[in-house]
Amino acid sequence: MTNKLEITPPVLGTQWRRENIGRLLNNTVSRFESRVINILAESGHTETRITHINLTRNLDLEGTRLTELARRANITKQSMAQLVSQLESMGMVEKLPDPSDGRARIIVFTPKGLTWLESFRDAVYQAEQEMRNQIGVKDYQVLKRCLSAYSKDFVV
């Protein structure tokens with residue numbers, strides 16, 4: 001007995017475009033990230049935008065080069081540089097010389113940025129708690145386990 005489910009492509013129309021798993025996952029991520037941003041705003045961090053999450057989730061605590069941040073976020077170096085500039089002007093990150101390469105710079109959280117990161121962590125936890133409450137603990141655990149299994153070999 002095989003564990004594979006054969007999926008037949010739907011008849012051409014529009015419903016499949018709204019209800020495919022990729023679209024549902026994308027909608028879920030959008031809703032989740034919007035909720036995180038709203039929770040941050042409720043706690044006084046009104047400066048944060050959804051685009052800032054792209055840098056936040058990819059910046060190592062010890063610092064990361066711009067090119068690596070862009071690669072992890074799957075955006076151009078120019079786009080990542082704009083995000084860094086925005087967060088730098090807000091006092092959340094700073095550019096430091098890379099000790100392993102004098103020509104390169106690493107991006108690091110400032111003390112203000114680390115404080116903000118704690119608030120971000122708390123907002124993510126609260127949004128996860130809300131999701132668990134809405135879909136139920138058991139379904140939440142299954143969802144998280146399935147998503148982890150599906151993405152375990154995907155390296156960004």
# chains A, B, ... in the order shown; residues from 1 in each chain; ligands from 1
>>> residues_around(residues="region 62-78 of chain A", least_positions_apart="5", cutoff="6 Å", atoms="only C-alpha atoms", output="list in words")
Asn54, Ile106, Ile107, Val108 and Val156 of chain A
>>> select_by_dssp(residues="chain A", states="alpha helix (DSSP H)", output="ChimeraX atom specification")
/A:15-19,21-42,50-56,66-73,77-89,111-135,137-151
>>> residues_around(residues="Val124 (chain A)", least_positions_apart="3", cutoff="9 Å", atoms="only C-alpha atoms", output="ChimeraX atom specification")
/A:32-33,35-36,39,119-121,127-129
>>> closest_residue(among="A:Leu87, A:Ala123, A:Gln82, A:Asp98", to="Ile37 (chain A)", atoms="only C-alpha atoms")
A:Ala123
>>> closest_residue(among="A:Gln141, A:Asn26, A:Asn38, A:Gln134", to="Ile50 (chain A)", atoms="only C-alpha atoms")
A:Asn38
>>> closest_residue(among="A:Thr51, A:Ser151, A:Asn133, A:Ser43", to="Glu118 (chain A)", atoms="only C-alpha atoms")
A:Ser43
>>> closest_residue(among="A:Ser89, A:Gln15, A:Thr56, A:Ser100", to="Leu117 (chain A)", atoms="only C-alpha atoms")
A:Thr56
>>> atom_distance(atom1="CA of Leu61 (chain A)", atom2="CA of Leu114 (chain A)")
8.6 Å
>>> residues_around(residues="Met92 (chain A)", least_positions_apart="6", cutoff="8 Å", atoms="only C-alpha atoms", output="list in words")
Phe109, Thr110, Pro111, Lys112, Gly113, Leu114 and Trp116 of chain A
